[in-house]
file run.txt (compact mmCIF, C-alpha atoms and all ligand atoms)
# COMPACT_ATOMS: atom_id res chain seq x y z
CA MET A 245 95.33 -260.44 -87.40
CA ALA A 246 97.90 -260.59 -84.60
CA GLN A 247 98.49 -257.36 -82.69
CA GLN A 248 101.96 -256.01 -83.54
CA PHE A 249 104.46 -254.77 -80.92
CA GLY A 250 107.83 -253.14 -81.41
CA THR A 251 109.22 -255.31 -78.61
CA VAL A 252 107.68 -258.20 -76.71
CA ILE A 253 109.33 -259.14 -73.42
CA ILE A 254 108.66 -262.74 -72.44
CA GLY A 255 109.00 -263.21 -68.68
CA ALA A 256 108.08 -260.46 -66.24
CA GLY A 257 110.63 -261.06 -63.50
CA ILE A 258 113.62 -258.91 -62.61
CA GLY A 259 115.15 -259.04 -66.07
CA GLY A 260 111.92 -258.51 -68.02
CA GLY A 261 110.67 -255.79 -65.69
CA THR A 262 113.99 -253.95 -65.86
CA ALA A 263 114.15 -254.26 -69.66
CA ALA A 264 110.79 -252.48 -70.07
CA LYS A 265 111.98 -249.56 -67.97
CA ALA A 266 115.43 -249.44 -69.57
CA LEU A 267 113.84 -249.29 -73.03
CA ARG A 268 111.67 -246.34 -72.05
CA ASP A 269 114.53 -244.64 -70.17
CA GLY A 270 116.63 -245.06 -73.31
CA GLY A 271 114.08 -243.22 -75.42
CA TYR A 272 112.48 -246.24 -77.11
CA THR A 273 109.17 -245.04 -78.54
CA SER A 274 107.70 -248.18 -80.17
CA SER A 275 105.11 -250.31 -78.44
CA ILE A 276 106.17 -252.76 -75.72
CA ALA A 277 104.34 -255.80 -74.36
CA LEU A 278 105.53 -257.34 -71.08
CA ILE A 279 104.17 -260.86 -70.62
CA GLY A 280 104.61 -262.93 -67.48
CA ALA A 281 103.23 -266.23 -66.21
CA ASP A 282 103.28 -264.89 -62.63
CA PRO A 283 100.05 -263.02 -61.83
CA ALA A 284 102.00 -260.28 -60.06
CA ALA A 285 103.85 -257.33 -61.58
CA PRO A 286 107.67 -257.78 -61.52
CA TYR A 287 109.07 -257.97 -58.02
CA TYR A 288 112.42 -258.26 -56.35
CA ARG A 289 112.76 -262.06 -56.09
CA PRO A 290 115.65 -262.18 -53.53
CA ASP A 291 113.24 -260.79 -50.90
CA LEU A 292 111.25 -264.04 -51.03
CA SER A 293 113.79 -265.96 -48.96
CA LYS A 294 114.67 -262.96 -46.78
CA LYS A 295 112.12 -260.22 -45.96
CA VAL A 296 109.07 -262.32 -46.85
CA MET A 297 110.28 -265.32 -44.81
CA LEU A 298 111.83 -263.40 -41.93
CA GLU A 299 109.39 -260.55 -41.49
CA GLY A 300 106.31 -262.00 -43.15
CA SER A 301 106.28 -259.00 -45.47
CA ASP A 302 103.87 -258.97 -48.39
CA PRO A 303 105.67 -259.88 -51.66
CA GLY A 304 103.73 -256.98 -53.19
CA ASP A 305 105.91 -254.66 -51.09
CA SER A 306 108.87 -255.92 -53.12
CA ALA A 307 107.43 -254.84 -56.49
CA LEU A 308 110.09 -253.28 -58.74
CA ARG A 309 107.76 -250.28 -59.17
CA GLY A 310 104.11 -249.35 -58.81
CA GLU A 311 101.66 -251.02 -61.21
CA ASP A 312 100.66 -247.60 -62.54
CA TRP A 313 104.15 -247.15 -64.03
CA TYR A 314 103.37 -249.56 -66.89
CA PRO A 315 100.30 -247.85 -68.44
CA ALA A 316 101.87 -244.46 -67.71
CA HIS A 317 104.80 -245.49 -69.92
CA ASP A 318 102.72 -247.18 -72.56
CA VAL A 319 103.84 -250.69 -71.66
CA THR A 320 101.08 -253.26 -72.27
CA THR A 321 101.18 -255.83 -69.47
CA LEU A 322 99.86 -259.37 -69.66
CA PHE A 323 100.53 -260.81 -66.19
CA GLY A 324 99.24 -264.29 -65.40
CA THR A 325 99.79 -265.14 -69.06
CA THR A 326 102.16 -267.81 -70.38
CA VAL A 327 103.78 -267.69 -73.80
CA THR A 328 103.31 -271.17 -75.23
CA GLU A 329 105.09 -270.77 -78.55
CA LEU A 330 107.77 -268.59 -80.10
CA ASP A 331 107.84 -268.64 -83.90
CA ALA A 332 111.15 -267.02 -84.80
CA LYS A 333 110.56 -267.15 -88.56
CA GLN A 334 107.17 -265.42 -88.44
CA GLN A 335 108.24 -263.18 -85.50
CA ASN A 336 105.15 -264.23 -83.66
CA ILE A 337 104.30 -265.55 -80.19
CA THR A 338 101.28 -267.53 -79.02
CA LEU A 339 99.75 -267.03 -75.58
CA ASP A 340 98.01 -269.60 -73.40
CA ASN A 341 94.65 -267.95 -74.20
CA GLY A 342 95.23 -268.81 -77.87
CA GLU A 343 95.97 -265.22 -78.97
CA SER A 344 99.01 -264.35 -81.07
CA LEU A 345 101.21 -261.26 -80.95
CA ALA A 346 103.65 -260.20 -83.66
CA TYR A 347 106.95 -258.55 -82.73
CA GLY A 348 109.83 -256.63 -84.21
CA GLN A 349 112.19 -257.61 -81.36
CA ALA A 350 111.70 -260.20 -78.61
CA ILE A 351 113.51 -260.29 -75.27
CA LEU A 352 113.45 -263.68 -73.58
CA ALA A 353 113.69 -263.40 -69.78
CA THR A 354 112.07 -266.62 -68.60
CA GLY A 355 114.35 -267.24 -65.61
CA SER A 356 114.86 -270.61 -63.94
CA THR A 357 112.72 -273.54 -62.92
CA PRO A 358 113.53 -275.19 -59.58
CA ARG A 359 114.49 -278.85 -59.73
CA ALA A 360 112.10 -281.30 -58.08
CA VAL A 361 113.01 -284.46 -56.20
CA ASP A 362 111.72 -287.36 -58.23
CA VAL A 363 110.91 -289.91 -55.51
CA ASP A 364 107.78 -291.62 -54.17
CA GLY A 365 105.49 -289.30 -52.24
CA ALA A 366 106.81 -286.11 -53.88
CA ASP A 367 103.21 -285.06 -54.65
CA LEU A 368 102.19 -284.96 -50.95
CA GLY A 369 101.12 -281.60 -49.51
CA ASN A 370 103.59 -279.28 -47.74
CA ILE A 371 106.47 -280.18 -50.04
CA HIS A 372 107.60 -277.00 -51.78
CA THR A 373 110.19 -275.50 -54.02
CA LEU A 374 110.78 -271.74 -53.74
CA ARG A 375 110.71 -269.59 -56.85
CA ASP A 376 107.75 -267.23 -56.78
CA ALA A 377 105.69 -265.16 -54.38
CA GLY A 378 103.05 -267.88 -54.05
CA ASP A 379 105.69 -270.42 -52.97
CA ALA A 380 107.12 -268.00 -50.41
CA VAL A 381 103.75 -267.22 -48.85
CA SER A 382 102.85 -270.94 -48.65
CA ILE A 383 106.16 -271.85 -47.01
CA ARG A 384 106.02 -268.93 -44.59
CA SER A 385 102.48 -269.84 -43.54
CA GLN A 386 103.71 -273.24 -42.34
CA PHE A 387 106.44 -271.89 -40.08
CA GLY A 388 105.62 -272.13 -36.38
CA GLN A 389 107.15 -272.84 -32.99
CA GLY A 390 108.46 -276.41 -32.93
CA ASN A 391 107.31 -277.24 -36.48
CA LYS A 392 109.60 -279.74 -38.11
CA VAL A 393 111.09 -278.31 -41.29
CA VAL A 394 113.29 -280.47 -43.50
CA ILE A 395 115.29 -278.68 -46.19
CA ILE A 396 116.72 -280.76 -48.99
CA GLY A 397 119.84 -279.15 -50.40
CA GLY A 398 122.35 -276.73 -48.97
CA GLY A 399 122.54 -274.01 -51.61
CA TRP A 400 121.81 -270.32 -51.08
CA ILE A 401 118.04 -270.70 -51.06
CA GLY A 402 118.06 -273.76 -48.77
CA LEU A 403 120.28 -272.01 -46.24
CA GLU A 404 118.35 -268.74 -46.31
CA VAL A 405 115.11 -270.66 -45.70
CA ALA A 406 116.83 -272.61 -42.91
CA ALA A 407 117.79 -269.33 -41.22
CA ALA A 408 114.27 -267.93 -41.60
CA ALA A 409 112.60 -271.12 -40.34
CA LYS A 410 114.92 -271.18 -37.34
CA ASN A 411 114.13 -267.54 -36.66
CA ALA A 412 110.43 -268.51 -36.60
CA GLY A 413 111.11 -271.16 -33.94
CA CYS A 414 111.02 -274.23 -36.19
CA HIS A 415 113.10 -277.34 -35.72
CA VAL A 416 115.22 -277.35 -38.88
CA THR A 417 117.16 -280.16 -40.53
CA VAL A 418 119.12 -279.73 -43.74
CA VAL A 419 119.74 -282.88 -45.80
CA LEU A 420 122.88 -282.78 -47.93
CA ARG A 421 124.08 -285.19 -50.56
CA SER A 422 127.63 -284.09 -49.87
CA SER A 423 129.03 -281.74 -47.30
CA PRO A 424 129.66 -278.99 -46.55
CA PRO A 425 126.84 -276.83 -47.92
CA LEU A 426 127.80 -274.30 -50.64
CA LYS A 427 130.87 -276.38 -51.48
CA SER A 428 130.45 -275.97 -55.23
CA ALA A 429 130.09 -272.17 -54.89
CA LEU A 430 132.62 -271.38 -52.16
CA GLY A 431 134.80 -274.48 -51.70
CA THR A 432 135.18 -276.70 -48.65
CA GLU A 433 136.67 -274.27 -46.11
CA ILE A 434 134.12 -271.49 -46.52
CA GLY A 435 131.30 -274.01 -46.95
CA GLN A 436 132.27 -275.35 -43.53
CA TYR A 437 132.11 -271.83 -42.11
CA PHE A 438 128.49 -271.55 -43.28
CA GLU A 439 127.69 -275.02 -41.90
CA GLU A 440 129.10 -273.99 -38.50
CA LEU A 441 127.12 -270.75 -38.59
CA HIS A 442 123.91 -272.72 -39.04
CA ARG A 443 124.83 -275.36 -36.46
CA ALA A 444 125.55 -272.57 -33.97
CA ASN A 445 122.04 -271.31 -34.60
CA GLY A 446 120.55 -274.74 -33.91
CA VAL A 447 120.16 -276.16 -37.44
CA GLU A 448 120.90 -279.87 -37.77
CA PHE A 449 122.59 -281.37 -40.81
CA VAL A 450 122.23 -284.87 -42.22
CA THR A 451 125.15 -285.27 -44.60
CA ASP A 452 126.09 -287.71 -47.35
CA ALA A 453 122.43 -288.62 -47.61
CA ASP A 454 120.17 -289.18 -50.59
CA THR A 455 116.48 -288.41 -50.29
CA THR A 456 114.69 -291.61 -51.26
CA GLY A 457 111.02 -290.88 -50.54
CA PHE A 458 108.34 -288.98 -48.63
CA SER A 459 105.46 -290.48 -46.69
CA GLY A 460 102.32 -289.14 -45.09
CA THR A 461 98.56 -289.28 -45.54
CA LYS A 462 97.67 -286.05 -47.31
CA THR A 463 100.60 -283.96 -46.26
CA VAL A 464 104.19 -285.00 -45.71
CA GLU A 465 104.94 -286.56 -42.32
CA SER A 466 108.31 -288.15 -42.93
CA VAL A 467 111.29 -287.86 -45.25
CA GLN A 468 113.15 -291.04 -46.09
CA THR A 469 116.86 -290.63 -46.63
CA SER A 470 119.71 -293.09 -47.07
CA ALA A 471 120.84 -291.96 -43.60
CA GLY A 472 117.48 -292.64 -41.94
CA ASP A 473 113.96 -291.22 -41.69
CA LEU A 474 113.22 -287.66 -40.57
CA PRO A 475 109.87 -286.48 -39.22
CA ALA A 476 108.58 -283.46 -41.16
CA ASP A 477 105.67 -281.02 -41.15
CA LEU A 478 107.13 -279.05 -44.07
CA VAL A 479 109.73 -279.86 -46.71
CA VAL A 480 111.52 -277.27 -48.84
CA VAL A 481 113.42 -278.65 -51.80
CA GLY A 482 116.37 -276.42 -52.70
CA ILE A 483 118.49 -278.53 -55.03
CA GLY A 484 119.09 -275.91 -57.69
CA ALA A 485 117.25 -274.74 -60.76
CA ASP A 486 117.48 -275.17 -64.51
CA PRO A 487 117.22 -272.34 -67.03
CA THR A 488 113.73 -272.18 -68.54
CA ILE A 489 114.75 -272.52 -72.17
CA GLY A 490 111.96 -274.64 -73.65
CA LEU A 491 110.56 -271.79 -75.80
CA ALA A 492 114.00 -270.83 -77.06
CA ALA A 493 114.96 -274.41 -77.90
CA SER A 494 111.73 -275.16 -79.74
CA ALA A 495 112.11 -271.88 -81.67
CA GLY A 496 115.44 -273.25 -82.96
CA LEU A 497 117.72 -270.80 -81.12
CA ASP A 498 121.22 -272.01 -80.24
CA THR A 499 121.11 -273.37 -76.71
CA GLU A 500 123.70 -275.00 -74.50
CA ASP A 501 123.36 -274.64 -70.76
CA GLY A 502 121.09 -271.65 -71.54
CA VAL A 503 120.31 -269.53 -74.58
CA VAL A 504 123.56 -268.69 -76.33
CA VAL A 505 123.89 -264.91 -76.73
CA ASP A 506 126.70 -262.55 -77.69
CA GLU A 507 128.01 -259.71 -75.51
CA HIS A 508 125.07 -257.52 -76.64
CA MET A 509 122.54 -260.20 -75.60
CA ARG A 510 121.64 -261.13 -79.20
CA SER A 511 120.77 -264.79 -79.71
CA SER A 512 121.41 -266.78 -82.89
CA ASP A 513 118.25 -265.10 -84.26
CA PRO A 514 118.94 -261.37 -84.78
CA SER A 515 115.46 -260.33 -83.65
CA ILE A 516 115.59 -262.26 -80.34
CA LEU A 517 117.64 -261.33 -77.27
CA ALA A 518 117.95 -263.30 -74.03
CA ILE A 519 118.87 -262.01 -70.57
CA GLY A 520 119.15 -263.06 -66.94
CA ASP A 521 119.22 -266.61 -65.63
CA ILE A 522 118.68 -268.13 -69.09
CA ALA A 523 121.45 -266.25 -70.91
CA ALA A 524 124.68 -268.12 -71.66
CA ALA A 525 126.33 -264.85 -72.58
CA GLN A 526 129.74 -263.86 -73.86
CA ASN A 527 131.49 -261.92 -71.09
CA THR A 528 134.10 -259.66 -72.67
CA LEU A 529 135.89 -258.90 -69.41
CA LEU A 530 136.46 -262.56 -68.56
CA ASN A 531 136.60 -263.59 -72.22
CA GLN A 532 134.33 -266.56 -71.67
CA ARG A 533 130.69 -267.57 -71.96
CA LEU A 534 128.92 -267.37 -68.60
CA ARG A 535 125.47 -268.13 -67.29
CA VAL A 536 124.81 -266.47 -63.95
CA GLU A 537 121.79 -266.92 -61.69
CA HIS A 538 121.88 -263.66 -59.72
CA TRP A 539 119.71 -260.56 -59.66
CA ASP A 540 122.48 -258.06 -60.48
CA ASN A 541 123.20 -260.01 -63.65
CA ALA A 542 119.53 -259.94 -64.74
CA VAL A 543 119.28 -256.19 -64.11
CA ARG A 544 122.48 -255.28 -65.94
CA GLN A 545 121.88 -257.61 -68.88
CA ALA A 546 118.37 -256.10 -69.24
CA GLU A 547 120.02 -252.69 -69.53
CA VAL A 548 122.46 -253.98 -72.14
CA ALA A 549 119.60 -255.58 -74.14
CA ALA A 550 117.64 -252.32 -74.09
CA THR A 551 120.71 -250.47 -75.34
CA THR A 552 121.19 -253.04 -78.11
CA ILE A 553 117.61 -252.48 -79.27
CA THR A 554 117.91 -248.70 -79.16
CA GLY A 555 121.12 -248.77 -81.21
CA GLY A 556 123.82 -248.50 -78.54
CA ASP A 557 126.79 -250.78 -78.06
CA SER A 558 126.87 -251.58 -74.31
CA GLU A 559 128.23 -254.97 -73.58
CA TYR A 560 128.45 -257.67 -70.94
CA ASP A 561 131.76 -256.64 -69.42
CA TRP A 562 131.49 -256.91 -65.64
CA GLN A 563 132.31 -259.35 -62.86
CA PRO A 564 129.43 -261.42 -61.41
CA TYR A 565 128.16 -260.10 -58.07
CA PHE A 566 125.70 -261.36 -55.46
CA TYR A 567 124.91 -261.18 -51.78
CA THR A 568 123.19 -263.16 -49.04
CA ASP A 569 121.87 -262.48 -45.54
CA GLN A 570 121.67 -265.30 -42.99
CA TYR A 571 121.17 -264.60 -39.25
CA ASP A 572 123.61 -261.79 -38.41
CA LEU A 573 125.77 -262.54 -41.42
CA GLY A 574 125.57 -260.31 -44.45
CA MET A 575 127.97 -260.86 -47.29
CA GLU A 576 128.74 -259.76 -50.82
CA TYR A 577 130.66 -261.80 -53.39
CA VAL A 578 132.27 -260.47 -56.52
CA GLY A 579 134.11 -262.42 -59.19
CA HIS A 580 134.01 -265.88 -60.64
CA GLY A 581 135.90 -268.29 -58.39
CA ALA A 582 135.87 -272.07 -58.72
CA SER A 583 135.50 -274.53 -55.85
CA GLY A 584 139.08 -275.76 -56.35
CA ASP A 585 140.65 -272.27 -56.11
CA ASP A 586 142.99 -271.47 -53.22
CA VAL A 587 141.36 -269.64 -50.32
CA VAL A 588 143.03 -266.73 -48.53
CA ILE A 589 141.34 -265.26 -45.46
CA ARG A 590 141.95 -261.69 -44.33
CA GLY A 591 140.87 -261.17 -40.75
CA ASP A 592 139.56 -263.50 -38.09
CA THR A 593 136.54 -265.62 -39.09
CA SER A 594 135.59 -266.04 -35.42
CA SER A 595 134.99 -262.27 -35.22
CA GLY A 596 132.32 -262.63 -37.93
CA GLU A 597 133.97 -259.80 -39.90
CA PHE A 598 136.46 -260.83 -42.56
CA ILE A 599 137.25 -260.97 -46.24
CA VAL A 600 137.88 -264.09 -48.30
CA PHE A 601 139.87 -264.11 -51.52
CA TRP A 602 139.94 -266.96 -54.00
CA THR A 603 143.07 -267.22 -56.13
CA ARG A 604 144.17 -269.39 -59.04
CA GLY A 605 147.76 -269.43 -60.28
CA GLY A 606 148.44 -266.43 -58.03
CA SER A 607 145.64 -264.29 -59.52
CA VAL A 608 142.58 -263.21 -57.57
CA THR A 609 139.45 -264.84 -59.06
CA ALA A 610 136.87 -263.71 -56.50
CA ALA A 611 136.40 -261.94 -53.18
CA MET A 612 133.77 -262.03 -50.48
CA ASN A 613 133.29 -259.43 -47.73
CA VAL A 614 131.49 -260.72 -44.65
CA ASN A 615 129.95 -258.06 -42.38
CA ILE A 616 132.48 -255.52 -43.69
CA TRP A 617 130.87 -252.88 -45.86
CA ASP A 618 131.77 -250.29 -48.48
CA VAL A 619 134.72 -252.24 -49.83
CA GLY A 620 133.03 -253.37 -53.06
CA ASP A 621 135.03 -251.12 -55.38
CA GLU A 622 138.38 -252.09 -53.85
CA LEU A 623 137.59 -255.81 -54.02
CA ARG A 624 136.31 -255.55 -57.59
CA ALA A 625 139.53 -253.80 -58.59
CA LEU A 626 141.60 -256.72 -57.27
CA ILE A 627 139.92 -259.40 -59.41
CA GLY A 628 142.29 -260.64 -62.09
CA ARG A 629 145.33 -259.09 -60.37
CA SER A 630 148.35 -261.07 -59.13
CA VAL A 631 148.74 -260.44 -55.42
CA SER A 632 150.57 -262.76 -53.03
CA ALA A 633 148.60 -264.55 -50.33
CA ALA A 634 150.80 -262.89 -47.71
CA ARG A 635 149.81 -259.41 -48.90
CA LEU A 636 146.12 -260.29 -49.25
CA GLN A 637 146.14 -261.50 -45.63
CA ASP A 638 148.05 -258.55 -44.24
CA GLU A 639 145.47 -256.22 -42.70
CA SER A 640 148.09 -253.53 -42.17
CA ILE A 641 148.02 -252.98 -45.94
CA GLU A 642 144.92 -251.07 -47.04
CA LEU A 643 142.80 -252.88 -49.64
CA ALA A 644 143.38 -250.00 -52.02
CA GLU A 645 147.16 -250.43 -51.62
CA LEU A 646 147.18 -254.15 -52.47
C1 LIG B 701 114.08 -267.27 -53.30
C2 LIG B 701 115.16 -266.67 -54.14
C3 LIG B 701 116.13 -265.90 -53.54
C4 LIG B 701 117.14 -265.33 -54.30
N1 LIG B 701 118.07 -264.57 -53.67
C5 LIG B 701 119.05 -264.00 -54.39
C6 LIG B 701 120.04 -263.18 -53.75
O1 LIG B 701 120.04 -263.00 -52.56
N2 LIG B 701 120.98 -262.61 -54.52
C7 LIG B 701 120.99 -262.78 -55.87
O2 LIG B 701 121.87 -262.22 -56.53
N3 LIG B 701 120.09 -263.54 -56.50
C8 LIG B 701 119.11 -264.16 -55.80
N4 LIG B 701 118.19 -264.96 -56.41
C9 LIG B 701 118.30 -265.18 -57.86
C10 LIG B 701 117.62 -264.05 -58.64
O3 LIG B 701 116.36 -263.78 -58.11
C11 LIG B 701 117.52 -264.45 -60.11
O4 LIG B 701 118.83 -264.60 -60.60
C12 LIG B 701 116.77 -263.43 -60.92
O5 LIG B 701 115.43 -263.37 -60.49
C13 LIG B 701 116.80 -263.78 -62.40
O6 LIG B 701 116.03 -262.87 -63.11
P1 LIG B 701 115.32 -263.30 -64.48
O7 LIG B 701 114.60 -262.10 -64.96
O8 LIG B 701 116.29 -263.98 -65.35
O9 LIG B 701 114.27 -264.40 -64.05
P2 LIG B 701 113.07 -264.32 -63.03
O10 LIG B 701 113.19 -263.19 -62.10
O11 LIG B 701 112.95 -265.69 -62.46
O12 LIG B 701 111.82 -264.06 -63.96
C14 LIG B 701 111.42 -264.97 -64.95
C15 LIG B 701 109.93 -264.82 -65.14
O13 LIG B 701 109.57 -265.43 -66.37
C16 LIG B 701 108.30 -266.03 -66.22
N5 LIG B 701 108.14 -267.02 -67.28
C17 LIG B 701 108.84 -268.17 -67.48
N6 LIG B 701 108.40 -268.79 -68.60
C18 LIG B 701 107.42 -268.01 -69.13
C19 LIG B 701 106.60 -268.11 -70.27
N7 LIG B 701 106.68 -269.14 -71.13
N8 LIG B 701 105.67 -267.15 -70.49
C20 LIG B 701 105.57 -266.08 -69.63
N9 LIG B 701 106.33 -265.94 -68.53
C21 LIG B 701 107.25 -266.89 -68.29
C22 LIG B 701 108.34 -266.61 -64.83
O14 LIG B 701 107.05 -266.80 -64.33
C23 LIG B 701 109.11 -265.52 -64.07
O15 LIG B 701 108.25 -264.62 -63.45
C24 LIG B 701 117.17 -265.55 -55.69
C25 LIG B 701 116.20 -266.35 -56.30
C26 LIG B 701 115.20 -266.92 -55.53
C27 LIG B 701 114.16 -267.78 -56.19
call {"tool": "encode", "arguments": {"input": "run.txt", "output": "structure tokens"}}
result
Amino acid sequence: MAQQFGTVIIGAGIGGGTAAKALRDGGYTSSIALIGADPAAPYYRPDLSKKVMLEGSDPGDSALRGEDWYPAHDVTTLFGTTVTELDAKQQNITLDNGESLAYGQAILATGSTPRAVDVDGADLGNIHTLRDAGDAVSIRSQFGQGNKVVIIGGGWIGLEVAAAAKNAGCHVTVVLRSSPPLKSALGTEIGQYFEELHRANGVEFVTDADTTGFSGTKTVESVQTSAGDLPADLVVVGIGADPTIGLAASAGLDTEDGVVVDEHMRSSDPSILAIGDIAAAQNTLLNQRLRVEHWDNAVRQAEVAATTITGGDSEYDWQPYFYTDQYDLGMEYVGHGASGDDVVIRGDTSSGEFIVFWTRGGSVTAAMNVNIWDVGDELRALIGRSVSAARLQDESIELAEL
């Protein structure tokens, strides 16, 4: 007979790891199983493209908490174990070792799967995506003075790896289908700012180029693009990720671009919740369904899910938030801007310290502080408010007075 758990958490990343703790912190006394395909205990994934790449730190140093926390709080852990089937009717899951576990509640926190480039030669060695600790350690081990690193894609992960590879003395080229990088997240003007930042640090860009193939003997030696061939010792593919929703879809849960959940993280099956990168969740502040691929979202949704299970009524009612560090640039972004929104800059971008606002129809949709700190609360308070561009730009007016 299948072992029975009060709650099974499927996926032991940031969301799953936080959910286990939030359940115990919230006084949940039933049994919990935390199951993750990654052999490591939950860790802080953003460090993989920052501390691990830049400083060569051990991903184990980024663990959310010590491994002894789990047994001490009566959380059964099955790391290095994949859930192969979710039977919503029977409230049962099957593991890759053939065992089954029964559950009262299930929390799905299976994260995202990086997209691969589907071209000839993609199975050569030294071509990587970056999602887990193993990927980060492999990529880092191939950095070296003068090594030729080609990064395909100019999203957050691609640019953070570019900065780290450059820092390690590599020759770095970023291949972009369209320019500038980060255009879909930040729009053209601020995307160009990031492109200039990288160019100033010696990164080369090949723009408006499709990757058409890789060649080499065992490992990659060259990347073919529609703009010409590039020599390469290491390729990092950073062209985005898709939510890992196979289990949810085959269990018959409502899925769109993610697992559809309400503001309490409940899916279309009342005994299954979904959080983090996979959750297409109803945001009550913005009054729209959102799927967000950022750590803060996974942590906070895990806390909401735990509250839902323990009988509370917390809801998904906050603005998205994330940050990045590249070279000497550190930034935080709050809100939900679109690439076509108007951009208003407060301060001088050439100083490296400024704030960007995105506005739509006169209302602030998002804000980003670059190398200016402790302004998060003021910026958050401005989202959704109507403030003229002239006032937003005027540094003589305190943020709190806008
Ligand atoms: C390199 C990198 C850098 C990042 N940097 C930032 C940043 O600076 N700022 C920011 O806000 N966000 C950043 N992110 C995004 C952030 O890490 C994610 O949004 C966050 O990890 C999502 O949490 P999650 O719990 O939904 O998924 P994850 O943390 O991805 O965890 C999902 C886990 O589920 C496991 N899993 C999947 N399927 C199964 C299955 N069938 N059975 C068992 N286990 C399964 C996976 O192995 C994985 O460990 C970064 C991501 C990466 C990869």
call {"tool": "closest_residue", "arguments": {"input": "run.txt", "among": "A:Asn391, A:Ser306, A:Gln248, A:Ser515", "to": "A:Thr552", "atoms": "only C-alpha atoms"}}
result
A:Ser515
call {"tool": "residues_near_ligand", "arguments": {"input": "run.txt", "ligand": "ligand LIG 701 (chain B)", "cutoff": "6 Å", "atoms": "all atoms listed in the file", "output": "NGL selection string"}}
result
:A and (254-260 or 279-282 or 289-290 or 292-293 or 325-328 or 353-356 or 374-375 or 401 or 520-521 or 537-540 or 542 or 566-568)
call {"tool": "closest_residue", "arguments": {"input": "run.txt", "among": "A:Ala366, A:Leu529, A:Val252, A:Ala523", "to": "A:Lys462", "atoms": "only C-alpha atoms"}}
result
A:Ala366
call {"tool": "atom_distance", "arguments": {"input": "run.txt", "atom1": "atom CA of A:Ile589", "atom2": "atom CA of A:Arg535"}}
result
27.1 Å
call {"tool": "residues_around", "arguments": {"input": "run.txt", "residues": "A:Ile516", "least_positions_apart": "3", "cutoff": "12 Å", "atoms": "all atoms listed in the file", "output": "JSON, numbers by chain"}}
result
{"A": [251, 252, 253, 254, 330, 331, 332, 333, 335, 336, 337, 347, 348, 349, 350, 351, 352, 353, 491, 492, 495, 496, 497, 498, 503, 504, 505, 506, 508, 509, 510, 511, 512, 513, 519, 523, 549, 550, 552, 553]}
call {"tool": "closest_residue", "arguments": {"input": "run.txt", "among": "A:Val481, A:Leu430, A:Thr373, A:Leu368", "to": "A:Val418", "atoms": "all atoms listed in the file"}}
result
A:Val481
call {"tool": "closest_residue", "arguments": {"input": "run.txt", "among": "A:Gly484, A:Gly399, A:Gly606, A:Gly490", "to": "A:Glu329", "atoms": "all atoms listed in the file"}}
result
A:Gly490
call {"tool": "atom_distance", "arguments": {"input": "run.txt", "atom1": "atom CA of A:Trp602", "atom2": "atom CA of A:Asp621"}}
result
16.6 Å
call {"tool": "closest_residue", "arguments": {"input": "run.txt", "among": "A:Ala633, A:Ala525, A:Leu478, A:Leu626", "to": "A:Thr499", "atoms": "all atoms listed in the file"}}
result
A:Ala525
call {"tool": "residues_near_point", "arguments": {"input": "run.txt", "point": "(137.7, -258.3, -44.7)", "cutoff": "10 Å", "atoms": "only C-alpha atoms", "output": "MDAnalysis selection string"}}
result
chainID A and resid 589:593 596:601 611:617 619 623 636:637 639 643
call {"tool": "closest_residue", "arguments": {"input": "run.txt", "among": "A:His372, A:Val363, A:Gln545, A:Gly472", "to": "A:Phe458", "atoms": "only C-alpha atoms"}}
result
A:Val363
